[in-house]
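Enquirer: Next up is a structure, given as structure tokens.
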Amino acid sequence: MKKFKENHNSDEQEQSDTAQEAKKELYKLFRTEFGRSPDVISSAPGRINLMGEHTDYNDGFVLPVAIDRRTYTAAGRRGGKLFIAFTKELGKKTSFDISTNRFERSNFWANYLKGAALLLNKYGAIQGTNFAIASTVPRGSGLSSSTAFVVSAVESLIHLYNLNVDKSEIPKIARQIENEFVGVQSGIMDPFVVTFAKANTAILLDTRNLQYEYIPFPKNLSILVCVTGLKRALANTEYNRRREECQQAVSALSKITGREIKSLRDVTLQDLDGAVNELPSLLYRRAIHIITENERVHQMANALRESNLTYAGKLMIESHLSLRSNYEVSSRELDSFVEVAEQLYGVYGARMTGAGFGGSVVCLANSEAEEELAKEISQKYKERGFDSGSVFIARTGSGLQIERS
Ligand code: ADP
Ligand code: MG
């Protein structure tokens with residue numbers, strides 16, 4: 001126990017050293033790009049989801065955790081109407097006039113800033129601004145780099161222009177930017193956890209009413225993120241199709257039960273059993289995933305509270321199997337990561353995280369063996385003939401914050 005505590009403290013030290021380094025570098029980058037210092041630096045984390053996949057658009061429950069990979073936005077007033085932004089990892093610079101601002105396919109990443117300018121203008125006058133962005137969140141890997149980026153950018157603008165925006169509004173604004181301006185149909189989970197996360201906890205969130213509770217994350221548990229490196233070609237179409245199928249299941253179940261059902265959140269296993277002969281089998285499989293996944297979120301929260309890691313791992317595996325066979329959003333790569341991970345001593349469980357098809361697998365492992373396990377998973381995955389995957393150890397992270405002002 002004592003040994004562990006020491007490890008944990010040195011981890012925190014290491015984390016804050018890395019964060020200090022990242023801020024310093026971004027500060028320098030901003031000065032190089034714009035010849036003056038930024039007025040504010042904000043940051044927001046990437047996330048994994050421990051349990052509750054595809055439940056958020058069914059009014060259900062989720063259990064996400066912010067990780068210690070962050071996106072930093074440095075911003076400074078420049079007057080006028082121009083936004084000029086440089087993003088370090090993409091190596092790109094863009095500029096646009098916020099008074100004639102519109103969505104453009106080219107320079108896709110600029111749309112997040114355009115959306116922010118447009119939506120925040122309701123809360124007060126936004127003016128020309130310089131931005132420099134740096135990030136350690138892998139992009140396009142199901143770890144929500146887009147939300148880390150947009151939430152940190154929104155916060156920097158709120159701070160710069162003293163906008164009257166309550167913190168509870170930020171997830172809704174960020175979601176609106178992604179949904180309506182950028183055109184990605186994402187739920188409330190990502191902006192919520194990215195805004196409100198606390199280190200060493202998961203957030204148990206009811207996406208219907210946004211009630212939430214912090215659940216302690218066990219100290220001897222490590223998160224291994226297994227990134228497939230796959231672009232999720234199918235993800236958008238299939239994601240929209242799953243949303244429709246859930247709606248169809250709701251309509252069919254309303255007719256069968258004679259009850260007005262609003263979402264799959266309100267359907268029990270008993271309801272579903274009673275409808276098994278009348279409900280088309282595809283809709284049955286979609287519905288049973290959502291219903292059992294919602295239950296698993298509560299079971300997982302209990303497993304974490306009690307530090308019952310074996311049980312937590314078993315729930316992860318059950319969730320993955322349901323996503324694979326009932327919801328059909330997995331892929332060979334995701335399945336392979338789960339299969340190689342679950343065979344290793346010291347791994348409690350693994351499952352895909354995010355919308356599916358590509359993206360990442362999240363694996364829970366005994367902290368004492370984390371480095372060896374990460375290496376072994378990576379090696380065994382490659383032995384199966386996949387060459388683009390990678391595995392990294394993630395710590396829990398904290399939510400949105402102002403780093404410097
Ligand atoms: P995910 O959110 O799972 O990482 P998305 O496809 O939703 O994947 O978001 C990735 C997109 O978000 C990138 O293509 C880019 O447009 C934008 N983005 C994310 N991080 C950054 C960054 N640091 N700088 C600029 N754009 C970013
Ligand atoms: Mg995203």
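Each chain in the structure tokens gets a letter, A, B and so on, in the order shown; residues start at 1 in every chain, and ligands are counted from 1 in the order they appear.
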Write as a PyMOL selection string the residues around ligand 1, taking 6 Å as the cut-off and counting only C-alpha atoms and all ligand atoms.
Expert: chain A and resi 87+108-109+133-135+139-146+149
Enquirer: Mind writing the picked residues with C-alpha atoms as a PDB file, in the first residue's frame?
Expert:
ATOM      1  CA  THR A  87      -2.774  24.611 -34.513  1.00  0.00           C
ATOM      2  CA  PHE A 108     -12.223  21.492 -41.521  1.00  0.00           C
ATOM      3  CA  TRP A 109     -10.742  22.187 -38.088  1.00  0.00           C
ATOM      4  CA  ILE A 133      -3.629  25.429 -30.069  1.00  0.00           C
ATOM      5  CA  ALA A 134      -1.532  22.491 -28.884  1.00  0.00           C
ATOM      6  CA  SER A 135      -2.784  19.068 -27.884  1.00  0.00           C
ATOM      7  CA  ARG A 139      -7.220  12.828 -33.030  1.00  0.00           C
ATOM      8  CA  GLY A 140      -9.958  10.753 -34.629  1.00  0.00           C
ATOM      9  CA  SER A 141      -9.426   7.878 -32.168  1.00  0.00           C
ATOM     10  CA  GLY A 142     -12.679   8.006 -30.238  1.00  0.00           C
ATOM     11  CA  LEU A 143     -11.065   9.938 -27.379  1.00  0.00           C
ATOM     12  CA  SER A 144     -13.005  13.109 -28.166  1.00  0.00           C
ATOM     13  CA  SER A 145     -10.197  15.385 -29.299  1.00  0.00           C
ATOM     14  CA  SER A 146     -12.847  17.468 -31.082  1.00  0.00           C
ATOM     15  CA  PHE A 149     -10.622  21.429 -28.624  1.00  0.00           C
TER      16      PHE A 149
END
Enquirer: Please write out the residues within 12 Å of ligand 2 as a ChimeraX atom specification, counting only C-alpha atoms and all ligand atoms.
Expert: /A:46-48,109,112,137-151,174-175,177-179,182-191,194,232,235-236,354-355,359
Enquirer: For the selection you just gave me, I'd like the residues written to a file as an mmCIF file, in the first residue's frame, keeping C-alpha atoms.
Expert:
data_model
loop_
_atom_site.group_PDB
_atom_site.id
_atom_site.type_symbol
_atom_site.label_atom_id
_atom_site.label_comp_id
_atom_site.auth_asym_id
_atom_site.auth_seq_id
_atom_site.Cartn_x
_atom_site.Cartn_y
_atom_site.Cartn_z
ATOM 1 C CA GLY A 46 -9.818 13.907 -23.830
ATOM 2 C CA ARG A 47 -11.949 11.129 -22.383
ATOM 3 C CA ILE A 48 -12.666 7.424 -22.349
ATOM 4 C CA TRP A 109 -10.742 22.187 -38.088
ATOM 5 C CA TYR A 112 -15.011 24.521 -34.549
ATOM 6 C CA VAL A 137 -5.131 14.036 -27.333
ATOM 7 C CA PRO A 138 -4.896 11.592 -30.270
ATOM 8 C CA ARG A 139 -7.220 12.828 -33.030
ATOM 9 C CA GLY A 140 -9.958 10.753 -34.629
ATOM 10 C CA SER A 141 -9.426 7.878 -32.168
ATOM 11 C CA GLY A 142 -12.679 8.006 -30.238
ATOM 12 C CA LEU A 143 -11.065 9.938 -27.379
ATOM 13 C CA SER A 144 -13.005 13.109 -28.166
ATOM 14 C CA SER A 145 -10.197 15.385 -29.299
ATOM 15 C CA SER A 146 -12.847 17.468 -31.082
ATOM 16 C CA THR A 147 -14.667 18.179 -27.822
ATOM 17 C CA ALA A 148 -11.436 18.891 -25.921
ATOM 18 C CA PHE A 149 -10.622 21.429 -28.624
ATOM 19 C CA VAL A 150 -14.011 23.091 -28.824
ATOM 20 C CA VAL A 151 -14.553 23.247 -25.051
ATOM 21 C CA ALA A 174 -20.092 22.846 -27.233
ATOM 22 C CA ARG A 175 -22.583 20.183 -28.300
ATOM 23 C CA ILE A 177 -21.319 23.743 -32.149
ATOM 24 C CA GLU A 178 -20.472 20.107 -33.011
ATOM 25 C CA ASN A 179 -24.075 19.167 -33.944
ATOM 26 C CA VAL A 182 -19.695 21.203 -37.686
ATOM 27 C CA GLY A 183 -22.436 18.662 -38.492
ATOM 28 C CA VAL A 184 -21.442 15.772 -36.200
ATOM 29 C CA GLN A 185 -24.343 14.120 -34.366
ATOM 30 C CA SER A 186 -22.715 13.667 -30.967
ATOM 31 C CA GLY A 187 -24.442 13.423 -27.591
ATOM 32 C CA ILE A 188 -24.090 15.367 -24.348
ATOM 33 C CA MET A 189 -21.696 12.929 -22.660
ATOM 34 C CA ASP A 190 -18.462 14.187 -24.206
ATOM 35 C CA PRO A 191 -18.854 17.927 -23.584
ATOM 36 C CA VAL A 194 -14.745 17.297 -20.665
ATOM 37 C CA ARG A 232 -13.958 5.325 -38.900
ATOM 38 C CA ALA A 235 -18.990 5.308 -38.201
ATOM 39 C CA ASN A 236 -21.156 8.239 -39.309
ATOM 40 C CA GLY A 354 -16.665 5.625 -28.574
ATOM 41 C CA ALA A 355 -19.036 5.108 -31.486
ATOM 42 C CA GLY A 359 -11.332 4.289 -32.602
#
Enquirer: Excluding A:Val276 and its own-chain neighbours fewer than 6 positions away, which residues fall within 12 Å of it when counting only C-alpha atoms? Please give them as a PDB file with N, CA and C atoms, in the first residue's frame.
Expert:
ATOM      1  N   ALA A 249     -37.471   0.886 -32.597  1.00  0.00           N
ATOM      2  CA  ALA A 249     -37.752  -0.042 -31.488  1.00  0.00           C
ATOM      3  C   ALA A 249     -38.710   0.619 -30.496  1.00  0.00           C
ATOM      4  N   ALA A 252     -42.227   0.591 -32.032  1.00  0.00           N
ATOM      5  CA  ALA A 252     -42.792  -0.771 -32.029  1.00  0.00           C
ATOM      6  C   ALA A 252     -43.166  -1.189 -30.607  1.00  0.00           C
ATOM      7  N   LEU A 253     -42.295  -0.889 -29.646  1.00  0.00           N
ATOM      8  CA  LEU A 253     -42.573  -1.301 -28.259  1.00  0.00           C
ATOM      9  C   LEU A 253     -43.755  -0.529 -27.667  1.00  0.00           C
ATOM     10  N   ILE A 256     -46.732  -2.422 -29.013  1.00  0.00           N
ATOM     11  CA  ILE A 256     -46.865  -3.765 -28.421  1.00  0.00           C
ATOM     12  C   ILE A 256     -47.323  -3.695 -26.958  1.00  0.00           C
ATOM     13  N   THR A 257     -46.721  -2.757 -26.195  1.00  0.00           N
ATOM     14  CA  THR A 257     -47.055  -2.695 -24.757  1.00  0.00           C
ATOM     15  C   THR A 257     -48.298  -1.853 -24.493  1.00  0.00           C
ATOM     16  N   LEU A 269     -36.310  -5.146 -19.115  1.00  0.00           N
ATOM     17  CA  LEU A 269     -36.081  -6.454 -19.739  1.00  0.00           C
ATOM     18  C   LEU A 269     -37.375  -7.246 -19.815  1.00  0.00           C
ATOM     19  N   GLN A 270     -38.233  -7.058 -18.799  1.00  0.00           N
ATOM     20  CA  GLN A 270     -39.540  -7.750 -18.807  1.00  0.00           C
ATOM     21  C   GLN A 270     -40.394  -7.308 -19.988  1.00  0.00           C
ATOM     22  N   LEU A 282     -33.878  -7.775 -35.363  1.00  0.00           N
ATOM     23  CA  LEU A 282     -32.837  -6.746 -35.365  1.00  0.00           C
ATOM     24  C   LEU A 282     -33.119  -5.679 -34.291  1.00  0.00           C
ATOM     25  N   LEU A 283     -34.379  -5.247 -34.215  1.00  0.00           N
ATOM     26  CA  LEU A 283     -34.722  -4.218 -33.221  1.00  0.00           C
ATOM     27  C   LEU A 283     -34.611  -4.784 -31.801  1.00  0.00           C
ATOM     28  N   TYR A 284     -34.928  -6.080 -31.667  1.00  0.00           N
ATOM     29  CA  TYR A 284     -34.781  -6.735 -30.359  1.00  0.00           C
ATOM     30  C   TYR A 284     -33.313  -6.661 -29.906  1.00  0.00           C
ATOM     31  N   ARG A 285     -32.410  -6.980 -30.830  1.00  0.00           N
ATOM     32  CA  ARG A 285     -30.982  -6.978 -30.469  1.00  0.00           C
ATOM     33  C   ARG A 285     -30.487  -5.575 -30.128  1.00  0.00           C
ATOM     34  N   ALA A 287     -32.315  -3.153 -28.939  1.00  0.00           N
ATOM     35  CA  ALA A 287     -32.919  -2.748 -27.666  1.00  0.00           C
ATOM     36  C   ALA A 287     -32.278  -3.466 -26.485  1.00  0.00           C
ATOM     37  N   ILE A 288     -31.978  -4.758 -26.653  1.00  0.00           N
ATOM     38  CA  ILE A 288     -31.426  -5.482 -25.492  1.00  0.00           C
ATOM     39  C   ILE A 288     -30.033  -4.942 -25.155  1.00  0.00           C
TER      40      ILE A 288
END
Enquirer: Could you tell me which of A:Val267, A:Gly52, A:Ala74, A:Asn366 comes closest to A:His320 if we count only C-alpha atoms?
Expert: A:Gly52
Enquirer: If you run DSSP on the backbone here, which positions in stretch 1-202 of chain A get helix (DSSP H, G or I)? Please write them as a PDB file with C-alpha atoms, in the first residue's frame.
Expert:
ATOM      1  CA  LYS A   2       2.732   2.375   1.005  1.00  0.00           C
ATOM      2  CA  LYS A   3       4.654   1.590  -2.154  1.00  0.00           C
ATOM      3  CA  PHE A   4       1.599   2.353  -4.193  1.00  0.00           C
ATOM      4  CA  LYS A   5       1.030   5.724  -2.543  1.00  0.00           C
ATOM      5  CA  GLU A   6       4.543   6.789  -3.384  1.00  0.00           C
ATOM      6  CA  ASN A   7       4.015   5.780  -7.000  1.00  0.00           C
ATOM      7  CA  HIS A   8       0.797   7.689  -7.114  1.00  0.00           C
ATOM      8  CA  ASN A   9       2.336  10.890  -5.798  1.00  0.00           C
ATOM      9  CA  SER A  10       5.214  10.752  -8.222  1.00  0.00           C
ATOM     10  CA  ASP A  11       2.671  10.217 -11.003  1.00  0.00           C
ATOM     11  CA  GLU A  12       0.873  13.386 -10.012  1.00  0.00           C
ATOM     12  CA  GLN A  13       4.170  15.237  -9.925  1.00  0.00           C
ATOM     13  CA  GLU A  14       4.999  13.918 -13.371  1.00  0.00           C
ATOM     14  CA  GLN A  15       1.584  14.942 -14.677  1.00  0.00           C
ATOM     15  CA  SER A  16       1.871  18.475 -13.393  1.00  0.00           C
ATOM     16  CA  ASP A  17       5.431  18.748 -14.794  1.00  0.00           C
ATOM     17  CA  THR A  18       4.139  17.705 -18.227  1.00  0.00           C
ATOM     18  CA  ALA A  19       1.286  20.206 -17.973  1.00  0.00           C
ATOM     19  CA  GLN A  20       3.697  23.003 -16.981  1.00  0.00           C
ATOM     20  CA  GLU A  21       5.907  22.111 -19.924  1.00  0.00           C
ATOM     21  CA  ALA A  22       2.938  22.081 -22.344  1.00  0.00           C
ATOM     22  CA  LYS A  23       1.791  25.532 -21.163  1.00  0.00           C
ATOM     23  CA  LYS A  24       5.265  27.007 -21.448  1.00  0.00           C
ATOM     24  CA  GLU A  25       5.683  25.686 -24.966  1.00  0.00           C
ATOM     25  CA  LEU A  26       2.310  26.961 -26.062  1.00  0.00           C
ATOM     26  CA  TYR A  27       3.064  30.367 -24.575  1.00  0.00           C
ATOM     27  CA  LYS A  28       6.286  30.509 -26.609  1.00  0.00           C
ATOM     28  CA  LEU A  29       4.490  29.293 -29.723  1.00  0.00           C
ATOM     29  CA  PHE A  30       1.872  32.023 -29.377  1.00  0.00           C
ATOM     30  CA  ARG A  31       4.595  34.653 -28.995  1.00  0.00           C
ATOM     31  CA  THR A  32       6.429  33.357 -32.070  1.00  0.00           C
ATOM     32  CA  GLU A  33       3.245  33.352 -34.160  1.00  0.00           C
ATOM     33  CA  PHE A  34       1.780  36.659 -33.037  1.00  0.00           C
ATOM     34  CA  ASP A  56     -26.671   8.724 -24.444  1.00  0.00           C
ATOM     35  CA  TYR A  57     -29.047   9.238 -27.375  1.00  0.00           C
ATOM     36  CA  ASN A  58     -31.459   6.842 -25.656  1.00  0.00           C
ATOM     37  CA  ALA A 110     -11.452  25.934 -38.422  1.00  0.00           C
ATOM     38  CA  ASN A 111     -15.194  25.167 -38.296  1.00  0.00           C
ATOM     39  CA  TYR A 112     -15.011  24.521 -34.549  1.00  0.00           C
ATOM     40  CA  LEU A 113     -13.735  28.075 -34.008  1.00  0.00           C
ATOM     41  CA  LYS A 114     -16.227  29.532 -36.476  1.00  0.00           C
ATOM     42  CA  GLY A 115     -19.061  27.762 -34.655  1.00  0.00           C
ATOM     43  CA  ALA A 116     -17.772  29.056 -31.325  1.00  0.00           C
ATOM     44  CA  ALA A 117     -17.658  32.654 -32.599  1.00  0.00           C
ATOM     45  CA  LEU A 118     -21.164  32.401 -33.997  1.00  0.00           C
ATOM     46  CA  LEU A 119     -22.831  30.778 -30.995  1.00  0.00           C
ATOM     47  CA  LEU A 120     -21.050  32.813 -28.339  1.00  0.00           C
ATOM     48  CA  ASN A 121     -21.910  36.085 -30.022  1.00  0.00           C
ATOM     49  CA  LYS A 122     -25.352  35.767 -28.383  1.00  0.00           C
ATOM     50  CA  TYR A 123     -23.755  36.253 -24.971  1.00  0.00           C
ATOM     51  CA  SER A 145     -10.197  15.385 -29.299  1.00  0.00           C
ATOM     52  CA  SER A 146     -12.847  17.468 -31.082  1.00  0.00           C
ATOM     53  CA  THR A 147     -14.667  18.179 -27.822  1.00  0.00           C
ATOM     54  CA  ALA A 148     -11.436  18.891 -25.921  1.00  0.00           C
ATOM     55  CA  PHE A 149     -10.622  21.429 -28.624  1.00  0.00           C
ATOM     56  CA  VAL A 150     -14.011  23.091 -28.824  1.00  0.00           C
ATOM     57  CA  VAL A 151     -14.553  23.247 -25.051  1.00  0.00           C
ATOM     58  CA  SER A 152     -11.137  24.819 -24.415  1.00  0.00           C
ATOM     59  CA  ALA A 153     -11.686  27.324 -27.246  1.00  0.00           C
ATOM     60  CA  VAL A 154     -15.145  28.255 -25.916  1.00  0.00           C
ATOM     61  CA  GLU A 155     -13.730  28.797 -22.427  1.00  0.00           C
ATOM     62  CA  SER A 156     -10.939  31.036 -23.716  1.00  0.00           C
ATOM     63  CA  LEU A 157     -13.492  33.225 -25.552  1.00  0.00           C
ATOM     64  CA  ILE A 158     -15.793  33.395 -22.516  1.00  0.00           C
ATOM     65  CA  HIS A 159     -12.833  34.529 -20.449  1.00  0.00           C
ATOM     66  CA  LEU A 160     -11.459  37.012 -23.012  1.00  0.00           C
ATOM     67  CA  LYS A 167     -20.353  26.795 -16.518  1.00  0.00           C
ATOM     68  CA  SER A 168     -23.392  24.520 -16.791  1.00  0.00           C
ATOM     69  CA  GLU A 169     -24.122  26.058 -20.223  1.00  0.00           C
ATOM     70  CA  ILE A 170     -20.716  25.150 -21.690  1.00  0.00           C
ATOM     71  CA  PRO A 171     -21.499  21.475 -22.500  1.00  0.00           C
ATOM     72  CA  LYS A 172     -24.698  22.523 -24.288  1.00  0.00           C
ATOM     73  CA  ILE A 173     -22.928  25.226 -26.307  1.00  0.00           C
ATOM     74  CA  ALA A 174     -20.092  22.846 -27.233  1.00  0.00           C
ATOM     75  CA  ARG A 175     -22.583  20.183 -28.300  1.00  0.00           C
ATOM     76  CA  GLN A 176     -24.515  22.684 -30.378  1.00  0.00           C
ATOM     77  CA  ILE A 177     -21.319  23.743 -32.149  1.00  0.00           C
ATOM     78  CA  GLU A 178     -20.472  20.107 -33.011  1.00  0.00           C
ATOM     79  CA  ASN A 179     -24.075  19.167 -33.944  1.00  0.00           C
ATOM     80  CA  GLU A 180     -25.311  22.228 -35.768  1.00  0.00           C
ATOM     81  CA  PHE A 181     -22.225  23.970 -37.080  1.00  0.00           C
ATOM     82  CA  VAL A 182     -19.695  21.203 -37.686  1.00  0.00           C
ATOM     83  CA  MET A 189     -21.696  12.929 -22.660  1.00  0.00           C
ATOM     84  CA  ASP A 190     -18.462  14.187 -24.206  1.00  0.00           C
ATOM     85  CA  PRO A 191     -18.854  17.927 -23.584  1.00  0.00           C
ATOM     86  CA  PHE A 192     -20.224  17.177 -20.115  1.00  0.00           C
ATOM     87  CA  VAL A 193     -17.291  15.088 -18.911  1.00  0.00           C
ATOM     88  CA  VAL A 194     -14.745  17.297 -20.665  1.00  0.00           C
ATOM     89  CA  THR A 195     -16.168  20.290 -18.759  1.00  0.00           C
ATOM     90  CA  PHE A 196     -16.893  18.793 -15.339  1.00  0.00           C
TER      91      PHE A 196
END
Enquirer: Residues of stretch 54-147 of chain A within 7 Å of stretch 396-403 of chain A: nearest atom pair and distance (Å, one decimal) for each, counting only C-alpha atoms, sorted by chain and number, as CSV?
Expert:
residue,atom,partner,partner_atom,distance
A:Val65,CA,A:Thr396,CA,6.4
A:Ala66,CA,A:Gly397,CA,4.9
A:Ile67,CA,A:Gly397,CA,4.3
A:Asp68,CA,A:Gly397,CA,4.4
Enquirer: Next, write the just-selected residues to a file, as a compact mmCIF listing (two decimals), in the first residue's frame, keeping C-alpha atoms as the atom set.
Expert:
# COMPACT_ATOMS: atom_id res chain seq x y z
CA VAL A 65 -13.50 9.42 -17.25
CA ALA A 66 -11.35 12.34 -18.41
CA ILE A 67 -7.77 11.34 -19.21
CA ASP A 68 -4.50 13.16 -18.71
Enquirer: Based on the backbone DSSP call, show me all residues of stretch 113-265 of chain A assigned strand (DSSP E), as a PyMOL selection string.
Expert: chain A and resi 129-135+201-206+211-216+221-227
Enquirer: Keeping only N, CA and C atoms, write the selected residues to a file as a compact mmCIF listing (two decimals), in the first residue's frame.
Expert:
# COMPACT_ATOMS: atom_id res chain seq x y z
N THR A 129 -9.55 37.77 -32.73
CA THR A 129 -8.78 37.06 -31.70
C THR A 129 -7.69 36.22 -32.36
N ASN A 130 -6.51 36.18 -31.72
CA ASN A 130 -5.45 35.27 -32.14
C ASN A 130 -5.51 34.00 -31.29
N PHE A 131 -5.30 32.85 -31.92
CA PHE A 131 -5.31 31.58 -31.18
C PHE A 131 -4.08 30.76 -31.53
N ALA A 132 -3.54 30.08 -30.52
CA ALA A 132 -2.58 29.00 -30.79
C ALA A 132 -3.07 27.79 -30.01
N ILE A 133 -3.07 26.64 -30.68
CA ILE A 133 -3.63 25.43 -30.07
C ILE A 133 -2.58 24.33 -30.08
N ALA A 134 -2.43 23.65 -28.94
CA ALA A 134 -1.53 22.49 -28.88
C ALA A 134 -2.25 21.39 -28.12
N SER A 135 -1.99 20.14 -28.48
CA SER A 135 -2.78 19.07 -27.88
C SER A 135 -2.00 17.78 -27.75
N THR A 201 -11.67 10.39 -10.49
CA THR A 201 -13.08 9.99 -10.44
C THR A 201 -13.59 9.69 -11.86
N ALA A 202 -14.68 8.93 -11.88
CA ALA A 202 -15.48 8.79 -13.11
C ALA A 202 -16.75 9.59 -12.85
N ILE A 203 -17.47 9.96 -13.92
CA ILE A 203 -18.74 10.67 -13.71
C ILE A 203 -19.89 9.73 -14.09
N LEU A 204 -20.76 9.47 -13.12
CA LEU A 204 -21.99 8.72 -13.42
C LEU A 204 -23.03 9.77 -13.82
N LEU A 205 -23.40 9.76 -15.10
CA LEU A 205 -24.26 10.83 -15.62
C LEU A 205 -25.56 10.25 -16.16
N ASP A 206 -26.66 10.87 -15.74
CA ASP A 206 -27.96 10.55 -16.30
C ASP A 206 -28.18 11.54 -17.44
N GLN A 211 -28.33 14.91 -14.20
CA GLN A 211 -27.90 14.70 -12.82
C GLN A 211 -26.64 13.85 -12.85
N TYR A 212 -25.71 14.15 -11.97
CA TYR A 212 -24.47 13.38 -12.01
C TYR A 212 -23.86 13.20 -10.64
N GLU A 213 -22.96 12.22 -10.58
CA GLU A 213 -22.31 11.90 -9.32
C GLU A 213 -20.87 11.50 -9.63
N TYR A 214 -19.93 11.98 -8.81
CA TYR A 214 -18.54 11.55 -9.01
C TYR A 214 -18.33 10.21 -8.32
N ILE A 215 -17.77 9.25 -9.04
CA ILE A 215 -17.51 7.92 -8.49
C ILE A 215 -16.00 7.76 -8.37
N PRO A 216 -15.50 7.43 -7.17
CA PRO A 216 -14.03 7.33 -7.02
C PRO A 216 -13.44 6.26 -7.94
N LEU A 221 -5.86 0.76 -10.08
CA LEU A 221 -6.39 0.40 -11.39
C LEU A 221 -5.81 1.33 -12.46
N SER A 222 -5.32 0.73 -13.55
CA SER A 222 -4.77 1.56 -14.64
C SER A 222 -5.63 1.44 -15.89
N ILE A 223 -5.64 2.53 -16.64
CA ILE A 223 -6.37 2.55 -17.91
C ILE A 223 -5.35 2.40 -19.03
N LEU A 224 -5.51 1.36 -19.84
CA LEU A 224 -4.66 1.22 -21.03
C LEU A 224 -5.54 1.54 -22.23
N VAL A 225 -5.13 2.52 -23.02
CA VAL A 225 -5.92 2.89 -24.20
C VAL A 225 -5.27 2.26 -25.43
N CYS A 226 -6.02 1.41 -26.10
CA CYS A 226 -5.50 0.69 -27.27
C CYS A 226 -6.10 1.35 -28.51
N VAL A 227 -5.27 2.10 -29.23
CA VAL A 227 -5.75 2.89 -30.37
C VAL A 227 -5.59 2.09 -31.66
Enquirer: Suppose you want the space between atom CA of A:Arg332 and atom CA of A:Arg69; what is it in Å?
Expert: 26.4 Å
Enquirer: For stretch 291-300 of chain A, please output as a list in words all residues within 7 Å (counting only C-alpha atoms; exclusion window: fewer than 2 positions along the same chain).
Expert: Met51, Gly52, Thr55, Gly60, Phe61, Val62, Leu63, Leu264, Arg265, Thr268, Leu269, Ala287, Ile288, His289, Asn302, Ala303, Leu304, Ala312, Leu315 and Ser319 of chain A
Enquirer: To one decimal place, how far is atom CA of A:Ile393 from atom CA of A:Ser367 in Å?
Expert: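 Straight-line distance from atom CA of A:Ile393 to atom CA of A:Ser367 works out to 9.8 Å.
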Enquirer: In Å, how far is it from atom CA of A:Ser251 to atom CA of A:Asp273?
Expert: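 So the two atoms, atom CA of A:Ser251 and atom CA of A:Asp273, lie 16.3 Å apart.
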Enquirer: Nearest to A:Asn326 among A:Arg305, A:Arg105, A:Thr237, A:Arg242, with distances taken over only C-alpha atoms: which residue is it?
Expert: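 Going through A:Arg305, A:Arg105, A:Thr237, A:Arg242 one by one, the smallest distance to A:Asn326 is for A:Arg242.
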Enquirer: If we count only C-alpha atoms and set the cut-off at 7 Å, which residues sit around A:Val329, ignoring sequence neighbours fewer than 5 positions away in its own chain? Please answer as a PyMOL selection string.
Expert: chain A and resi 323-324+356-357
Enquirer: Would you mind exporting the chosen residues as a short mmCIF file (atom, residue, chain, number, x, y, z; two decimals), in the first residue's frame, restricted to N, CA and C atoms?
Expert:
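part_7.cif was written with the following content:
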data_model
loop_
_atom_site.label_atom_id
_atom_site.label_comp_id
_atom_site.auth_asym_id
_atom_site.auth_seq_id
_atom_site.Cartn_x
_atom_site.Cartn_y
_atom_site.Cartn_z
N LEU A 323 -21.91 -5.09 -27.63
CA LEU A 323 -21.68 -4.11 -28.71
C LEU A 323 -21.32 -4.83 -30.02
N ARG A 324 -20.62 -5.95 -29.86
CA ARG A 324 -20.22 -6.71 -31.04
C ARG A 324 -21.41 -7.45 -31.65
N GLY A 356 -17.55 3.33 -32.28
CA GLY A 356 -17.27 2.00 -32.81
C GLY A 356 -16.66 2.01 -34.19
N PHE A 357 -16.52 0.81 -34.79
CA PHE A 357 -15.94 0.55 -36.11
C PHE A 357 -14.43 0.77 -36.12
#
Enquirer: Out of A:Leu163, A:Met352, A:Leu334, A:Ala394, which residue has the shortest atom-to-atom distance to A:Glu370 when counting only C-alpha atoms?
Expert: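 Closest candidate: A:Ala394.
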Enquirer: Which residue is closest to A:Leu50? Choose from A:Pro64, A:Arg70, A:Asn277, A:Tyr348 and count only C-alpha atoms.
Expert: A:Pro64
